[in-house]
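Peer 1: Here you go, one structure.
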Amino acid sequence: MSVLEANHLSIRFGGVQANRDVSVAVGEFEIVGIIGPNGAGKTTLFNLITGFFAPDAGAIVYKGRDITGMAVNQRAALGLGRTFQNVGLVKGATVRENLVTAQHLQADYSTIGGLLGSGPARIVERRLRERADSLADVLGLGELLDTQVAGLPYGTLKRVEIATVLATDPDVLLLDEPSSGMGPEEAHQLGDTLLDLRRSFGLSIVMIEHHVPLVVRVCDYVYCLDFGQMLAEGLPNDVRNHPQVVAAYLGEDPDDEAAPVDSMAEGN
C-alpha cells in the first residue's frame with residue numbers, strides 16, 4: 001500500500017504547463033527517486049505535494065486521506081517533511097538552535113512558562129536540546145552544534161537541513177537535491193546515511209536528485225520527468241538506461257544505442 005500518492009497532477013503558470021498528468025506513488029519504507037533534466041518540473045511536483053502550490057487538476061493522497069486542500073503546516077503536522085533546493089535555515093543561528101527551533105510543535109509548555117523559565121519549560125527545553133544533539137550526531141554534525149550556520153560549506157548546510165527536517169518527526173521525507181554541493185565521496189556517504197535513516201527512523205523517502213549514481217544505489221523505484229510530463233518510471237537501472245531518458249539528458253536520438261546516464265544538470 002502506498003503511503004503517499006500524487007494522482008494525475010497538472011498545473012499551469014501562464015503559458016507554461018509545469019506539470020501535466022503526473023502520478024507518483026511512494027510505498028512504506030521505500031526510497032523513491034525523481035530525476036529529469038533542467039526545467040523538467042521536479043520541484044514543482046514537490047511544491048504540489050507539500051502544499052506550496054494548488055494543482056489545477058489531480059489529487060494528493062497521504063495514508064489514504066485526500067490532503068489536496070490542506071495548508072503547508074497541516075501537511076507537515078501529518079508527517080510530510082521537506083527540504084528545499086535553496087537551503088531553508090536560520091543562517092544567524094547555530095546548528096543546535098536550528099534543530100531546537102524545528103521542534104517547536106513538541107514545545108508543550110505555555111508562553112508565560114517559557115518567558116519565566118518555569119520548571120516544566122526547562123525540562124522540555126532540555127529534552128529538545130538532547131534530541132537536537134542526537135540528530136546532529138546521526139548526520140555527522142556533532143562537532144558543529146555550536147557553530148553558526150552562516151559560513152558553513154553548502155554540502156554541510158544540506159546535512160544540517162536534513163537533520164532539521166528530521167527534528168519535525170516526519171514519516172515521509174522529501175529531499176530536494178540533497179547531494180547538491182557535495183563531491184563524489186560525500187555523495188556516497190550521503191547514500192549510506194539515507195539508507196541508515198530509513199532503517200533507524202522508519203522513513204519513506206522521496207528525493208529529487210541530479211547525481212544519478214546515488215539514485216541508482218539507494219532508490220527502490222525511479223520516476224523521470226521531462227517538460228513537466230512523466231517520461232519513464234521503473235527500477236533505477238532500467239530508467240537510467242531508457243533510450244528516451246538518455247535522449248532527454250544528452251540530446252541523443254532515442255533510436256540510437258543508449259548509454260547509461262551517470263550525471264545530469266542541476267535544476268528543475
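Chains: A, B, ... in order of the C-alpha cells. Residues: from 1 per chain. Ligands: from 1, in order shown.
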I'd like the contact shell of Gln229 of chain A - 9 Å cut-off, only C-alpha atoms, skipping same-chain residues fewer than 6 positions apart - returned as an MDAnalysis selection string.
Peer 2: chainID A and resid 18:22 40:41
Peer 1: Quick one: everything within 7 Å of segment 160-163 of chain A, counting only C-alpha atoms, minus sequence neighbours fewer than 2 positions away in the same chain. Send it as a list in words.
Peer 2: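 Residues near the query, excluding close chain neighbours: Thr83, Val87, Leu89, Val95, Leu135, Ala136, Leu139, Thr156, Leu157, Lys158, Val165, Leu166 and Ala167 of chain A.
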Peer 1: Export C-alpha atoms of the chosen residues as a PDB file, in the first residue's frame?
Peer 2:
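Output file again_37.pdb is given in full below:
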```pdb
ATOM      1  CA  THR A  83      13.990  20.200   2.327  1.00  0.00           C
ATOM      2  CA  VAL A  87      18.656  25.700   1.879  1.00  0.00           C
ATOM      3  CA  LEU A  89      17.752  27.570   7.622  1.00  0.00           C
ATOM      4  CA  VAL A  95      23.238  24.331  14.214  1.00  0.00           C
ATOM      5  CA  LEU A 135      20.118  14.164  15.413  1.00  0.00           C
ATOM      6  CA  ALA A 136      23.294  16.137  14.778  1.00  0.00           C
ATOM      7  CA  LEU A 139      24.157  13.378  10.369  1.00  0.00           C
ATOM      8  CA  THR A 156      27.303  20.692   5.145  1.00  0.00           C
ATOM      9  CA  LEU A 157      24.287  23.013   5.053  1.00  0.00           C
ATOM     10  CA  LYS A 158      22.345  20.316   3.196  1.00  0.00           C
ATOM     11  CA  VAL A 165      13.585  18.268   8.917  1.00  0.00           C
ATOM     12  CA  LEU A 166      14.122  15.047  10.874  1.00  0.00           C
ATOM     13  CA  ALA A 167      13.570  17.101  14.024  1.00  0.00           C
TER      14      ALA A 167
END
```
Peer 1: For Pro213 of chain A, which residue out of A:Arg75, A:Arg96, A:Arg199, A:Arg240 is the nearest one, using only C-alpha atoms?
Peer 2: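 Comparing A:Arg75, A:Arg96, A:Arg199, A:Arg240 against Pro213 of chain A, the winner is A:Arg240.
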Peer 1: For each of A:Thr101, A:Gln74, A:Asn38, A:Thr193, take the minimum atom-to-atom distance to Asp137 of chain A, counting only C-alpha atoms, then give the residue where this is smallest.
Peer 2: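 Closest to Asp137 of chain A of all the choices is A:Thr193.
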Peer 1: Can you measure atom CA of Phe46 of chain A to atom CA of Gly69 of chain A for me? One decimal in Å is fine.
Peer 2: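 A separation of 15.1 Å between them.
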Peer 1: Please return as a ChimeraX atom specification: the residues of segment 12-247 of chain A that backbone DSSP assigns to alpha helix (DSSP H).
Peer 2: /A:42-50,72-78,95-101,111-116,119-138,154-166,184-201,212-218,236-240,243-247
Peer 1: Pick out the closest residue to Arg159 of chain A from this set: A:Met230, A:Leu173, A:Val32, A:Val138. Count only C-alpha atoms.
Peer 2: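 Selected residue with least distance to Arg159 of chain A: A:Val138.
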Peer 1: Give me the residues within 10 Å of Met182 of chain A as number ranges by chain, counting only C-alpha atoms and dropping any in the same chain fewer than 5 places off.
Peer 2: A: 153-156, 158, 187-190, 211
Peer 1: Mind pulling up the distance from atom CA of Pro243 of chain A to atom CA of Pro178 of chain A?
Peer 2: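 These atoms are spaced 26.2 Å apart.
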Peer 1: When you look at Glu28 of chain A with a cut-off of 6 Å (counting only C-alpha atoms), what residues show up, excluding the ones that are within fewer than 2 positions of it in the same chain? I need them as a PyMOL selection string.
Peer 2: chain A and resi 3+30+204
Peer 1: With all heavy atoms kept, could you save the residues just selected as a compact mmCIF listing (two decimals), in the first residue's frame?
Peer 2:
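This went into out04.txt:
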```txt
# COMPACT_ATOMS: atom_id res chain seq x y z
N VAL A 3 2.03 4.95 0.88
CA VAL A 3 1.85 5.90 1.96
C VAL A 3 1.59 7.29 1.41
O VAL A 3 0.92 8.11 2.06
CB VAL A 3 3.09 5.89 2.90
CG1 VAL A 3 4.33 6.41 2.19
CG2 VAL A 3 2.83 6.72 4.15
N GLU A 30 9.94 2.99 1.52
CA GLU A 30 10.55 2.97 0.19
C GLU A 30 11.33 4.26 -0.04
O GLU A 30 10.98 5.33 0.46
CB GLU A 30 9.44 2.83 -0.86
CG GLU A 30 9.93 2.55 -2.26
CD GLU A 30 8.78 2.26 -3.22
OE1 GLU A 30 7.74 2.93 -3.12
OE2 GLU A 30 8.94 1.38 -4.07
N SER A 204 9.83 6.75 4.86
CA SER A 204 9.75 6.70 3.41
C SER A 204 10.45 7.97 2.91
O SER A 204 10.29 9.03 3.52
CB SER A 204 8.31 6.67 2.92
OG SER A 204 7.63 5.53 3.43
```
Peer 1: For the atom pair atom CA of Ala77 of chain A and atom CA of Ile60 of chain A, what is the interatomic distance in Å to one decimal place?
Peer 2: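 For atom CA of Ala77 of chain A relative to atom CA of Ile60 of chain A, the distance reads 15.6 Å.
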Peer 1: Could you pull out the residues in segment 15-257 of chain A that DSSP calls strand (DSSP E or B) from the backbone, as a compact mmCIF listing (two decimals) with N, CA and C atoms, in the first residue's frame?
Peer 2:
```
# COMPACT_ATOMS: atom_id res chain seq x y z
N VAL A 16 2.91 28.32 -19.47
CA VAL A 16 3.81 27.19 -19.23
C VAL A 16 3.07 26.08 -18.49
N GLN A 17 3.04 24.90 -19.08
CA GLN A 17 2.47 23.73 -18.42
C GLN A 17 3.58 23.08 -17.61
N ALA A 18 3.64 23.39 -16.30
CA ALA A 18 4.75 22.94 -15.46
C ALA A 18 4.68 21.46 -15.14
N ASN A 19 3.49 20.96 -14.87
CA ASN A 19 3.24 19.53 -14.67
C ASN A 19 1.98 19.17 -15.44
N ARG A 20 2.01 18.01 -16.11
CA ARG A 20 0.84 17.55 -16.86
C ARG A 20 0.59 16.09 -16.55
N ASP A 21 -0.52 15.80 -15.85
CA ASP A 21 -0.97 14.44 -15.60
C ASP A 21 0.15 13.57 -14.99
N VAL A 22 0.79 14.11 -13.94
CA VAL A 22 1.90 13.42 -13.30
C VAL A 22 1.40 12.60 -12.11
N SER A 23 1.74 11.33 -12.09
CA SER A 23 1.37 10.44 -10.99
C SER A 23 2.61 9.77 -10.41
N VAL A 24 2.70 9.80 -9.08
CA VAL A 24 3.83 9.20 -8.36
C VAL A 24 3.27 8.49 -7.14
N ALA A 25 3.80 7.31 -6.82
CA ALA A 25 3.39 6.57 -5.63
C ALA A 25 4.64 6.20 -4.82
N VAL A 26 4.51 6.34 -3.50
CA VAL A 26 5.63 6.05 -2.59
C VAL A 26 5.15 5.02 -1.57
N GLY A 27 5.78 3.85 -1.56
CA GLY A 27 5.41 2.82 -0.62
C GLY A 27 6.03 3.05 0.75
N ILE A 31 12.43 4.16 -0.81
CA ILE A 31 13.15 5.35 -1.27
C ILE A 31 12.87 5.51 -2.75
N VAL A 32 12.27 6.62 -3.11
CA VAL A 32 11.85 6.88 -4.49
C VAL A 32 12.64 8.07 -5.04
N GLY A 33 13.18 7.92 -6.23
CA GLY A 33 13.92 8.99 -6.87
C GLY A 33 13.10 9.69 -7.94
N ILE A 34 13.25 11.02 -8.00
CA ILE A 34 12.65 11.83 -9.06
C ILE A 34 13.81 12.47 -9.82
N ILE A 35 13.99 12.08 -11.08
CA ILE A 35 15.06 12.65 -11.88
C ILE A 35 14.47 13.34 -13.10
N ALA A 57 -5.48 20.32 -11.53
CA ALA A 57 -6.20 19.04 -11.60
C ALA A 57 -5.39 18.00 -10.86
N GLY A 58 -6.07 16.95 -10.39
CA GLY A 58 -5.40 15.88 -9.70
C GLY A 58 -5.54 15.98 -8.18
N ALA A 59 -4.96 15.02 -7.48
CA ALA A 59 -5.12 14.93 -6.03
C ALA A 59 -3.86 14.38 -5.38
N ILE A 60 -3.65 14.76 -4.11
CA ILE A 60 -2.57 14.22 -3.29
C ILE A 60 -3.20 13.43 -2.16
N VAL A 61 -2.80 12.18 -2.02
CA VAL A 61 -3.36 11.29 -1.00
C VAL A 61 -2.23 10.84 -0.08
N TYR A 62 -2.43 11.02 1.23
CA TYR A 62 -1.44 10.65 2.22
C TYR A 62 -2.06 9.68 3.22
N ARG A 65 -5.72 9.36 2.85
CA ARG A 65 -6.51 10.57 3.10
C ARG A 65 -6.20 11.62 2.04
N ASP A 66 -7.21 12.19 1.44
CA ASP A 66 -7.02 13.24 0.45
C ASP A 66 -6.62 14.53 1.17
N LEU A 80 4.66 15.04 6.73
CA LEU A 80 5.40 15.30 5.50
C LEU A 80 6.49 16.32 5.81
N GLY A 81 7.75 15.89 5.73
CA GLY A 81 8.89 16.78 5.96
C GLY A 81 9.63 17.03 4.66
N ARG A 82 10.08 18.27 4.45
CA ARG A 82 10.62 18.61 3.14
C ARG A 82 11.83 19.55 3.26
N THR A 94 22.90 29.02 15.45
CA THR A 94 23.79 27.87 15.42
C THR A 94 23.06 26.64 14.90
N GLN A 148 27.74 28.76 14.04
CA GLN A 148 26.71 29.50 13.32
C GLN A 148 26.56 28.92 11.91
N VAL A 172 7.33 10.78 6.08
CA VAL A 172 7.81 10.84 4.70
C VAL A 172 8.75 12.03 4.58
N LEU A 173 9.96 11.78 4.10
CA LEU A 173 10.98 12.81 3.97
C LEU A 173 11.17 13.12 2.49
N LEU A 174 10.90 14.36 2.10
CA LEU A 174 11.06 14.79 0.71
C LEU A 174 12.31 15.66 0.62
N LEU A 175 13.29 15.20 -0.14
CA LEU A 175 14.59 15.85 -0.22
C LEU A 175 14.80 16.43 -1.62
N ASP A 176 15.02 17.73 -1.70
CA ASP A 176 15.24 18.40 -2.99
C ASP A 176 16.74 18.57 -3.20
N SER A 204 9.83 6.75 4.86
CA SER A 204 9.75 6.70 3.41
C SER A 204 10.45 7.97 2.91
N ILE A 205 11.21 7.87 1.83
CA ILE A 205 11.99 9.00 1.34
C ILE A 205 11.71 9.21 -0.14
N VAL A 206 11.47 10.47 -0.52
CA VAL A 206 11.36 10.85 -1.93
C VAL A 206 12.45 11.87 -2.18
N MET A 207 13.28 11.65 -3.20
CA MET A 207 14.40 12.55 -3.43
C MET A 207 14.49 12.98 -4.89
N ILE A 208 14.51 14.31 -5.06
CA ILE A 208 14.90 14.89 -6.35
C ILE A 208 16.42 14.90 -6.35
N TYR A 221 12.75 2.71 -6.54
CA TYR A 221 11.95 2.98 -7.73
C TYR A 221 12.26 4.42 -8.16
N VAL A 222 12.21 4.66 -9.47
CA VAL A 222 12.60 5.97 -10.01
C VAL A 222 11.59 6.44 -11.04
N TYR A 223 11.28 7.74 -10.97
CA TYR A 223 10.46 8.41 -11.97
C TYR A 223 11.33 9.45 -12.68
N CYS A 224 11.14 9.58 -13.98
CA CYS A 224 11.86 10.60 -14.74
C CYS A 224 10.86 11.53 -15.40
N LEU A 225 10.99 12.83 -15.12
CA LEU A 225 10.14 13.85 -15.73
C LEU A 225 10.90 14.57 -16.84
N ASP A 226 10.17 15.03 -17.83
CA ASP A 226 10.74 15.86 -18.88
C ASP A 226 9.64 16.77 -19.40
N GLN A 229 6.15 16.30 -17.87
CA GLN A 229 5.39 15.06 -18.06
C GLN A 229 6.24 13.86 -17.66
N MET A 230 5.58 12.75 -17.35
CA MET A 230 6.30 11.54 -17.00
C MET A 230 6.90 10.92 -18.25
N LEU A 231 8.22 10.80 -18.24
CA LEU A 231 8.93 10.24 -19.38
C LEU A 231 9.15 8.75 -19.23
N ALA A 232 9.50 8.33 -18.00
CA ALA A 232 9.75 6.92 -17.74
C ALA A 232 9.66 6.67 -16.24
N GLU A 233 9.39 5.44 -15.87
CA GLU A 233 9.40 5.04 -14.47
C GLU A 233 9.74 3.57 -14.39
N GLY A 234 10.31 3.16 -13.25
CA GLY A 234 10.66 1.77 -13.08
C GLY A 234 11.83 1.61 -12.14
```
Peer 1: Have a look at A:Glu186, A:Asn241, A:Ala150, A:Thr164 and name the one nearest to Leu214 of chain A; count only C-alpha atoms.
Peer 2: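 Residue with the minimum atom-to-atom distance to Leu214 of chain A: A:Glu186.
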Peer 1: Give the answer as one residue: which of A:Val212, A:Ala76, A:Glu97, A:Thr50 has the shortest atom-to-atom distance to Glu5 of chain A, using only C-alpha atoms?
Peer 2: A:Thr50
Peer 1: Go through A:Phe227, A:Tyr249, A:Phe29, A:Phe201 one by one, measure the shortest atom-to-atom distance of each to Met1 of chain A using only C-alpha atoms, and give the residue with the smallest value.
Peer 2: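 Among the listed residues, A:Phe29 lies closest to Met1 of chain A.
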Peer 1: If we count only C-alpha atoms, what is near Asn47 of chain A at a cut-off of 10 Å, once residues fewer than 5 positions away on the same chain are taken out, given as a PyMOL selection string?
Peer 2: chain A and resi 41-42+52-55+72+82+84
